[in-house]
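Undergrad: Just dropping this structure here.
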Amino acid sequence: MKRFLGFVRKEFIHIFRDYRTLVILFGIPATQIIIFGYVVSNDLKSAGIAILDQSRDEITVAVSSAITASGFFHIAAEPRSEAEIDAVFRKGDIKAVIIFGNGFGKRLLTEGVADVAIIADGSEPNVANLVNGYTTAIINGYLTGLMQNGPGVKMPVVPEVKMLYNPELRSHFMFVPGVITLILILVCALMTSVTITREKESGTMEVLLVSPLRPVQIILGKVAPYFILSFVNVIVILLLSYFVFRLPVKGSMVLLLAECMLYILMGLSLGIFISTTVATMQQAIFISFLGLLLPSLLLSGFIFPIEYMPGIYDYISFILPPRWFVVIIKSIMIKGSGLGDIWRETLFILAATILFIGLSIRKFKNRLE
Amino acid sequence: MTDSIIQVRDLVKKFGSFTANDHLTFDVGQGEIFGFLGANGAGKTTTIRILCGLSVPTSGEASVAGFSVYRQSEQIKRNIGYMCQKFSLYDDLTVRENILLYGGIYGIRRPEIRLRTEALLERLSFRGSADILIDRLPLGLKQKLAFLVAVFHNPKIVFLDEPTGGVDPVTRRSFWELIYEAAAKGITVFVTTHYMDEAEYCDRVSIMSNGRIVALDSPAGLRTTWKASSVDEVFVRIARPGINFSL
Amino acid sequence: MRTLLYLLRKEFSQIVRNRLIVRAIFILPLLQMLVLVPAVTFEIKDVRITISDGDLSQSSRQIASMLDGSEFFTVTGYAASANEAAASMSKGECDVIVSFLPGFEKNIITGTGSVMQVTVNAINAVSAQLTWAYINAIIRDYSMAMADEAQVVAGQTFSPPVKISTRYWYNSSLDYKYYMLPGVLVILVTAIGFLLSGLNMVREKETGTIEQMNVTPVRKYQFIMSKMIPFLIIGLIELSLGLIIGRIAFGIPFEGSLFTMFLGATLFLAGLLGLALFISSFSDTQQQYMFIAFFFTMIFILMSGIFTPAESMPAWAQNLNIANPVAHLMKINRMVMLKGSDISDITPELKALTVIALLFTLLAVLSYRKRA
C-alpha cells in the first residue's frame, strides 16, 4: 500500500510540474462555457436581407419599413431585378429577398391578392427557417392589420405559447450539460491513454512491470490523479455555470456528483482501453481525440436532438455513453429527477465502464503472454 | 597553434546559477584526433553543443573552422558533421533513406551520393540490406553507420558526443578504425567520451572536471606528467585527489 | 530548394510508414462523415403532443386531428386534466402540450376569438422555437381559413387570407445535410491537420532528432516548410475525398469552381498549420501540445458557425472571429458548394485567410530556434 501511495504521489508531482497543461485543463471548460453561454446563439440578430420592390407604393414602403424597423433585419443589398438576385445571394450578405410584385397595393385592395414572395437562402436551413418565420409574421401582421380596419373579423384561434423549463429560451440548459459530457469524456480518455502510452513508448512500462507493483496498482496509480483532477474540473464547471449563468441544480447535488464520478470512471477506463490498442502517444492522441470529438459533439443529443434523427441513430447512439450521460445530467439539473428516473441510463454507463475495463484486462493479459 | 581549426578562449556557459563551462581555453589543430574527456556531468556536452552552433556561450570566444560561434553559426554548420549517442539517424527511415537525406542536405549530387553510398555499405560489409529500417539494426552497426553518415559530406571537422556508449570493447575498437580512416582523409575529429581507454587512441586529450579543463596533453605526455600507467589512472588522480594509488 | 525536396521526401517516407496514422487520417474522417452527416439535423418530425381537451368540441377535435395529420407532429396521448398533461411531459412522454379550455368553440363562434395554449418543452431552445414556429403556422393557416369562411357566411366583404409563398434557393428541400457536410468536413480537416503537424514537430523535439537537423545547414524556413507542405497536401486530399463522398453518398451539389474551393482550402491550411507549428515551438511534450491544440481546436470549431450562424454571435465575438480560419473556410465551403460563389464573392474571407496564413507562417518560422 505504501508503495502504491508513493507511486500515486509521483504521478501527481509529474502532473503538477507541467503547469501549462494544468492551466489548459481548467481553461478548456471555462472557455467553452463562456462561448456556449455568451457567443453561440441561434437568434436572429440583424440579418441581412434585400427588398425588391417592383411596386413602390404606400403599402409596400410601409411594409418594408415595418420589416427593417423590427430590429431583426437590415438591408444589405439592393438588387434591381430578379436577374440580380442570384448574384446578390452568392455574395453571402443576404439571407432572403422579399419581392413585392408590380402594383402590389392596388391588387391587394381591389382583388384581395397579396403579391409578395420570399426567396430565402436555403444553404443555411436554420437561418432560412427563422428568417421565413419572422418576415412572414411581420408582413402578415401588417397586412392583416390593414385589412382589419374594415369590417373584418378577429382571428378565431390565437395560439399562445409557454416555453416550459426555459422561458427565456436560453441555450445554457442544453449546453452546460453538454459541455460537461463532452469535456469529461474527451479529457479523461485523452489523459489516461497518453500517460499509459508514454510509458510504453519510452520503455519505462517494462521497468514498472518488473517492480513490486502489481499491474493493477500501476494502472490505478496512473489513473487516480486524473480522477481527482476531472472531479475538480466538474466542480469548477458547475460553479461557473451557477455564478455566471445562474443555472441552478434542481435535483440532488450529491446524485449529480456521484453520476459525474461514475462517468469520469467510464472515461478513464475508455482511455485505458485505447492505450492497449496503440503503440505510440501520437496514435493514442489521434484515436482518442478524433474518435471521440465529433460523435460526442454531434450524436450525444445535446445539440441535435436524437428524436429527430433518422431511426437508425437510435441504435447508433445507443452505444455512445455520452448520449446517456447527457440525459442524466439534464434530468438532474433541469427537471430535478432522482435516481429512480435515471437508473437505466446509470446502469448503461456502469456497464460501459465494466466493458472497457474487462477488455483492457484481456488485452493486457494477452500482451504479457 | 597557427593552424588550429578550433579556437576556444575563456569560454563560459552558465545555466542560471550553475556554471557548466568555466573559462575554457584550448585549441584543436587541423587533422587532429582530439579527445574531450571527463566524467558525466563535467560539461563536455555543453561545450560540444556550443562549438556545433546549437547553443550560445554566456561569455568568451570560440571559433570553428574560422567562423565565430556567435555570429556565424550557420557557416560553421556547413563545415562540420555531428553525431551524438542517442539519436543520429531516423529510426523510421531505412539506411538508404537516411544517407540520401543527409547527403542531399549537404548539397551532394545524386550520382555522387549513389557512389559514396555504395562505398559506405561496402565498408560496413552491409550487403543487400540497405533498405532495412534503422531501428532493426544492432546498436554497434547503428553507431558506425551514424558516424559514416556524419562524415559523408567530407566535413572539415566531425564532432562526436559519446559515440560508443553501450557496446562491447571489440565493437568500440572497430568504430575507432573508422575514426582513423576519417582522420587519414584530413578530417579533424573532436570526440567526447567517458571511456578513458579511448583516450589512448587520440592525438591529444583534455580532461574536464567540474566545468574546468584540468589537463591537456597527448596521452603519453599525461602519463609521464602524472606518473601513471594509463590515462584512466591520470583521470582518477585528477578527479579524486584524495585516493592514493601505489606507484 | 533541393534541400526542401530531400526534406519532403523524408517526411513522406515517415508518414507513409505509420500505418495506423494513415488509416486514421483517411478512413476515420470518411467513416465519420458517412455516419454523422445524416444525423445532424434540426428538422422536426413526429413531435409528440399530448392534448388536454377541456372543451371536447368539434373545433378542438378538428384542430387535434389536423396536428396529428401533419408530418411534423403526432398526438400521442390525451390527458384528462392539466396536471396529467404536465406529468406526462415531466416523465418525458411528450414534448408539447396543447390545451383547450372549456368554452373554446363558443368563443370562436361568438367571434371573440379563442386562445389555444401551447406548452413546449424548451430545454432545447432551438427545436422549441422551430416546433412553435410550425404549430403557429399551422394554426394560423387554419385560423385564416376559418375567418375566411366565417366572412363568406356572414356575407361580408371578402377579407382574404394573406398567403405568402416562400421559395428556398440552393437547397430547396432545406436538407440539413447540405449545410452540415461542409461543416463536418472542415472540422475533421482542422482537427487532423492541427494534431498531425504539431505532434510531428514536438515528437522530433522529444526524441531529439531535431538536434541532428539543427546542426545541419538546413535553413529555418526550409525546415518549417517541410513540416507544413506534407500536411497541407494531406489536408487537401481529405477535403477532396470528403467532397466526393458528399456527392456520391448524399447527392450534395458542387455548384462552384474547384479552383476557388482549393484556393480557399490551401490558404486555410497554410494558416492552420502555421499556427500549429508556432504553438509547437512552445511545447516540450506531446501531451502539452495536445492540450493546447485541443483548446484552440474547440474554440475555432464552436465559433465557426458549424451549427449556429456566425452572424448570430454578438458583435465582439464576430470581431474575434476574423482571426478564426475555420469560420472563414466553413463559409467559403458552403458558399462555393451550394451557391456557386466565385472568388469575387468570397474576397473578404480570402483576404482574411491570406493574412492569417502569412502571419502564422511567419510566426512559425521566427519562433523556431536552431540554437537554444
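Chain labels A, B, ... are given in the sequence in which chains occur in the C-alpha cells; within each chain residues are numbered consecutively from 1, and ligands are likewise numbered from 1 in the order shown.
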Find the residues in chain C near chain A: any atom within 6 Å counts, using only C-alpha atoms. Write them as a ChimeraX atom specification.
TA: /C:39-40,44,108,113-125,143,160,164-171,174,179,288,295,308,312-313,339,341,345
Undergrad: Just N, CA and C atoms for this one: save the residues we selected as a compact mmCIF listing (two decimals), in the first residue's frame.
TA:
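Wrote result23.txt, looks like this:
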```
# COMPACT_ATOMS: atom_id res chain seq x y z
N ALA C 39 -27.19 12.54 -39.50
CA ALA C 39 -27.80 12.65 -38.18
C ALA C 39 -28.02 14.08 -37.75
N VAL C 40 -27.17 14.96 -38.23
CA VAL C 40 -27.18 16.29 -37.64
C VAL C 40 -28.21 17.17 -38.30
N ILE C 44 -37.72 18.74 -37.66
CA ILE C 44 -38.51 18.02 -36.68
C ILE C 44 -39.47 17.07 -37.38
N ILE C 108 -65.11 31.02 -30.37
CA ILE C 108 -64.88 31.17 -31.81
C ILE C 108 -66.16 31.61 -32.49
N GLY C 113 -62.90 35.29 -30.46
CA GLY C 113 -61.56 34.69 -30.64
C GLY C 113 -61.16 33.86 -29.43
N SER C 114 -60.52 32.76 -29.69
CA SER C 114 -60.19 31.83 -28.61
C SER C 114 -58.69 31.62 -28.53
N VAL C 115 -58.27 31.47 -27.32
CA VAL C 115 -56.83 31.24 -27.12
C VAL C 115 -56.57 29.75 -26.99
N MET C 116 -55.57 29.29 -27.67
CA MET C 116 -55.18 27.88 -27.57
C MET C 116 -53.81 27.84 -26.92
N GLN C 117 -53.72 27.18 -25.81
CA GLN C 117 -52.47 27.19 -25.05
C GLN C 117 -51.53 26.09 -25.53
N VAL C 118 -50.32 26.49 -25.94
CA VAL C 118 -49.33 25.52 -26.39
C VAL C 118 -48.15 25.57 -25.43
N THR C 119 -47.89 24.45 -24.79
CA THR C 119 -46.75 24.40 -23.87
C THR C 119 -45.66 23.54 -24.50
N VAL C 120 -44.50 24.12 -24.66
CA VAL C 120 -43.41 23.42 -25.34
C VAL C 120 -42.26 23.18 -24.38
N ASN C 121 -41.74 21.97 -24.42
CA ASN C 121 -40.53 21.66 -23.64
C ASN C 121 -39.36 22.42 -24.24
N ALA C 122 -38.92 23.45 -23.53
CA ALA C 122 -37.95 24.37 -24.14
C ALA C 122 -36.52 24.13 -23.71
N ILE C 123 -36.26 22.92 -23.21
CA ILE C 123 -34.88 22.66 -22.78
C ILE C 123 -33.93 22.85 -23.96
N ASN C 124 -34.33 22.31 -25.12
CA ASN C 124 -33.56 22.59 -26.33
C ASN C 124 -34.21 23.78 -27.01
N ALA C 125 -33.63 24.95 -26.78
CA ALA C 125 -34.28 26.18 -27.23
C ALA C 125 -34.49 26.21 -28.73
N SER C 143 -56.73 29.09 -38.87
CA SER C 143 -57.49 30.22 -38.36
C SER C 143 -57.95 31.13 -39.49
N PRO C 160 -59.39 38.65 -47.58
CA PRO C 160 -58.65 37.44 -47.98
C PRO C 160 -57.54 37.09 -47.01
N ILE C 164 -48.38 34.11 -48.19
CA ILE C 164 -47.05 34.47 -48.66
C ILE C 164 -46.33 33.20 -49.06
N SER C 165 -45.84 33.18 -50.25
CA SER C 165 -45.12 31.97 -50.68
C SER C 165 -43.63 32.17 -50.45
N THR C 166 -43.00 31.11 -49.97
CA THR C 166 -41.56 31.18 -49.76
C THR C 166 -40.88 30.12 -50.59
N ARG C 167 -39.89 30.55 -51.33
CA ARG C 167 -39.09 29.57 -52.05
C ARG C 167 -37.68 29.56 -51.45
N TYR C 168 -37.12 28.37 -51.40
CA TYR C 168 -35.75 28.27 -50.88
C TYR C 168 -34.81 27.94 -52.01
N TRP C 169 -33.88 28.81 -52.22
CA TRP C 169 -32.91 28.56 -53.28
C TRP C 169 -31.72 27.80 -52.75
N TYR C 170 -31.04 27.09 -53.66
CA TYR C 170 -29.77 26.39 -53.39
C TYR C 170 -29.96 25.14 -52.56
N ASN C 171 -31.10 25.00 -51.97
CA ASN C 171 -31.32 23.84 -51.10
C ASN C 171 -32.82 23.80 -50.87
N LEU C 174 -34.45 22.31 -48.03
CA LEU C 174 -33.86 22.64 -46.73
C LEU C 174 -33.25 21.41 -46.08
N TYR C 179 -26.00 21.54 -45.48
CA TYR C 179 -25.42 22.52 -44.59
C TYR C 179 -24.32 21.92 -43.73
N GLN C 288 1.58 18.18 -23.72
CA GLN C 288 1.33 19.62 -23.62
C GLN C 288 0.70 20.13 -24.89
N PHE C 295 -7.54 22.93 -26.94
CA PHE C 295 -8.08 24.22 -26.56
C PHE C 295 -8.43 25.06 -27.79
N THR C 308 -24.60 26.92 -35.52
CA THR C 308 -25.37 28.16 -35.41
C THR C 308 -24.66 29.21 -36.23
N SER C 312 -25.12 35.31 -35.85
CA SER C 312 -25.94 35.44 -34.64
C SER C 312 -25.10 35.73 -33.42
N MET C 313 -23.78 35.71 -33.58
CA MET C 313 -22.93 35.95 -32.43
C MET C 313 -22.88 37.44 -32.12
N LYS C 339 -23.90 27.57 -53.51
CA LYS C 339 -24.38 28.71 -54.27
C LYS C 339 -23.53 28.99 -55.50
N SER C 341 -20.62 30.43 -55.46
CA SER C 341 -19.93 31.70 -55.33
C SER C 341 -18.54 31.60 -55.92
N ASP C 345 -16.86 36.85 -54.90
CA ASP C 345 -17.86 36.81 -53.84
C ASP C 345 -17.24 36.54 -52.48
```
Undergrad: May I have a table of the residues of chain C lying at most 10 Å from chain B, giving each one's closest pair of atoms and their distance in Å to one decimal, counting only C-alpha atoms, ordered by chain and ascending residue number, as CSV?
TA:
```
residue,atom,partner,partner_atom,distance
C:Met1,CA,B:Ile105,CA,9.9
C:Arg2,CA,B:Gly104,CA,7.4
C:Thr3,CA,B:Ile105,CA,5.1
C:Leu4,CA,B:Ile105,CA,8.3
C:Leu5,CA,B:Gly104,CA,8.9
C:Tyr6,CA,B:Leu101,CA,5.6
C:Leu7,CA,B:Leu101,CA,6.8
C:Leu8,CA,B:Leu101,CA,9.6
C:Arg9,CA,B:Leu101,CA,8.0
C:Lys10,CA,B:Leu101,CA,6.8
C:Glu11,CA,B:Leu93,CA,9.6
C:Ser13,CA,B:Leu93,CA,7.1
C:Gln14,CA,B:Asp92,CA,6.1
C:Ile15,CA,B:Asp92,CA,9.3
C:Arg17,CA,B:Asp92,CA,7.5
C:Asn18,CA,B:Asp92,CA,8.7
C:Glu204,CA,B:Tyr90,CA,9.8
C:Thr207,CA,B:Phe87,CA,7.3
C:Gly208,CA,B:Phe87,CA,6.2
C:Thr209,CA,B:Phe87,CA,5.7
C:Ile210,CA,B:Phe87,CA,9.1
C:Glu211,CA,B:Leu54,CA,7.8
C:Gln212,CA,B:Ser88,CA,6.2
C:Met213,CA,B:Tyr102,CA,9.3
C:Asn214,CA,B:Leu54,CA,7.0
C:Val215,CA,B:Lys77,CA,5.9
C:Thr216,CA,B:Lys77,CA,5.4
C:Pro217,CA,B:Lys77,CA,5.3
C:Val218,CA,B:Ile105,CA,6.8
C:Arg219,CA,B:Glu74,CA,8.5
C:Arg369,CA,B:Leu54,CA,9.2
C:Lys370,CA,B:Leu54,CA,6.6
C:Arg371,CA,B:Leu54,CA,4.5
C:Ala372,CA,B:Ser55,CA,5.0
```
Undergrad: Please indicate the distance in Å from atom CA of A:Ala69 to atom CA of A:Ile85, rounded to one decimal place.
TA: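 Taking atom CA of A:Ala69 and atom CA of A:Ile85, their separation equals 22.8 Å.
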Undergrad: List every residue of stretch 166-197 of chain C that DSSP, applied to the backbone, labels as alpha helix (DSSP H), and write the result as a ChimeraX atom specification.
TA: /C:176-197
Undergrad: Set the distance at 10 Å and use only C-alpha atoms: which residues neighbour stretch 52-56 of chain A once local chain neighbours fewer than 5 positions away are removed? I'd like the list as a PyMOL selection string.
TA: chain A and resi 61-62+64+77-82+85+97-106+116-118
Undergrad: Output N, CA and C atoms of each residue in that selection to a file, as a CSV table (one decimal), in the first residue's frame.
TA:
```csv
chain,number,residue,atom,x,y,z
A,61,VAL,N,-44.0,50.3,-49.2
A,61,VAL,CA,-43.0,51.1,-48.5
A,61,VAL,C,-43.2,50.9,-47.0
A,62,ALA,N,-44.5,50.9,-46.6
A,62,ALA,CA,-44.8,50.8,-45.2
A,62,ALA,C,-44.4,49.4,-44.7
A,64,SER,N,-42.1,47.5,-45.9
A,64,SER,CA,-40.7,47.4,-45.9
A,64,SER,C,-40.1,48.1,-44.6
A,77,ALA,N,-28.4,44.7,-49.4
A,77,ALA,CA,-28.2,44.8,-50.8
A,77,ALA,C,-29.4,45.3,-51.5
A,78,GLU,N,-29.2,45.8,-52.7
A,78,GLU,CA,-30.4,46.4,-53.4
A,78,GLU,C,-30.4,45.9,-54.9
A,79,PRO,N,-30.9,44.7,-55.1
A,79,PRO,CA,-30.9,44.1,-56.5
A,79,PRO,C,-32.0,44.9,-57.2
A,80,ARG,N,-31.7,45.1,-58.5
A,80,ARG,CA,-32.6,45.9,-59.2
A,80,ARG,C,-33.6,45.1,-60.0
A,81,SER,N,-33.3,43.8,-60.1
A,81,SER,CA,-34.3,43.0,-60.9
A,81,SER,C,-34.1,41.5,-60.4
A,82,GLU,N,-35.0,40.7,-60.8
A,82,GLU,CA,-34.9,39.3,-60.3
A,82,GLU,C,-33.7,38.6,-60.8
A,85,ILE,N,-30.8,38.7,-58.4
A,85,ILE,CA,-30.9,38.0,-57.1
A,85,ILE,C,-29.8,37.0,-56.8
A,97,VAL,N,-34.6,37.5,-49.9
A,97,VAL,CA,-35.1,38.6,-50.7
A,97,VAL,C,-36.6,38.6,-50.7
A,98,ILE,N,-37.1,39.8,-50.4
A,98,ILE,CA,-38.6,39.9,-50.4
A,98,ILE,C,-39.0,40.6,-51.6
A,99,ILE,N,-39.9,40.0,-52.4
A,99,ILE,CA,-40.3,40.6,-53.7
A,99,ILE,C,-41.7,41.1,-53.6
A,100,PHE,N,-41.9,42.4,-53.8
A,100,PHE,CA,-43.3,42.9,-54.0
A,100,PHE,C,-43.5,43.0,-55.5
A,101,GLY,N,-44.6,42.4,-55.9
A,101,GLY,CA,-45.0,42.5,-57.4
A,101,GLY,C,-45.4,43.9,-57.8
A,102,ASN,N,-45.5,44.0,-59.1
A,102,ASN,CA,-45.9,45.3,-59.7
A,102,ASN,C,-47.3,45.6,-59.3
A,103,GLY,N,-47.6,46.8,-58.8
A,103,GLY,CA,-48.9,47.2,-58.5
A,103,GLY,C,-49.5,46.5,-57.3
A,104,PHE,N,-48.6,46.3,-56.3
A,104,PHE,CA,-48.9,45.5,-55.1
A,104,PHE,C,-50.2,46.0,-54.4
A,105,GLY,N,-50.1,47.3,-54.1
A,105,GLY,CA,-51.1,47.9,-53.2
A,105,GLY,C,-52.5,47.8,-53.9
A,106,LYS,N,-52.5,48.2,-55.2
A,106,LYS,CA,-53.7,48.2,-55.9
A,106,LYS,C,-54.3,46.8,-55.9
A,116,VAL,N,-46.8,39.0,-52.8
A,116,VAL,CA,-45.5,39.1,-52.2
A,116,VAL,C,-44.9,37.7,-52.1
A,117,ALA,N,-43.7,37.6,-52.4
A,117,ALA,CA,-43.0,36.3,-52.3
A,117,ALA,C,-41.7,36.5,-51.6
A,118,ILE,N,-41.2,35.5,-50.9
A,118,ILE,CA,-40.0,35.5,-50.3
A,118,ILE,C,-39.1,34.4,-50.9
```
Undergrad: Find the distance between atom CA of B:Gln143 and atom CA of B:Ser230 and write it in Å to one decimal.
TA: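 These atoms are spaced 26.1 Å apart.
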Undergrad: For C:Ile192, work out the shell of residues within 10 Å, counting only C-alpha atoms and skipping chain neighbours fewer than 2 positions away, then give it as a ChimeraX atom specification.
TA: /A:286,289-290 /C:24-26,29,186-190,194-197,231,234-235,238
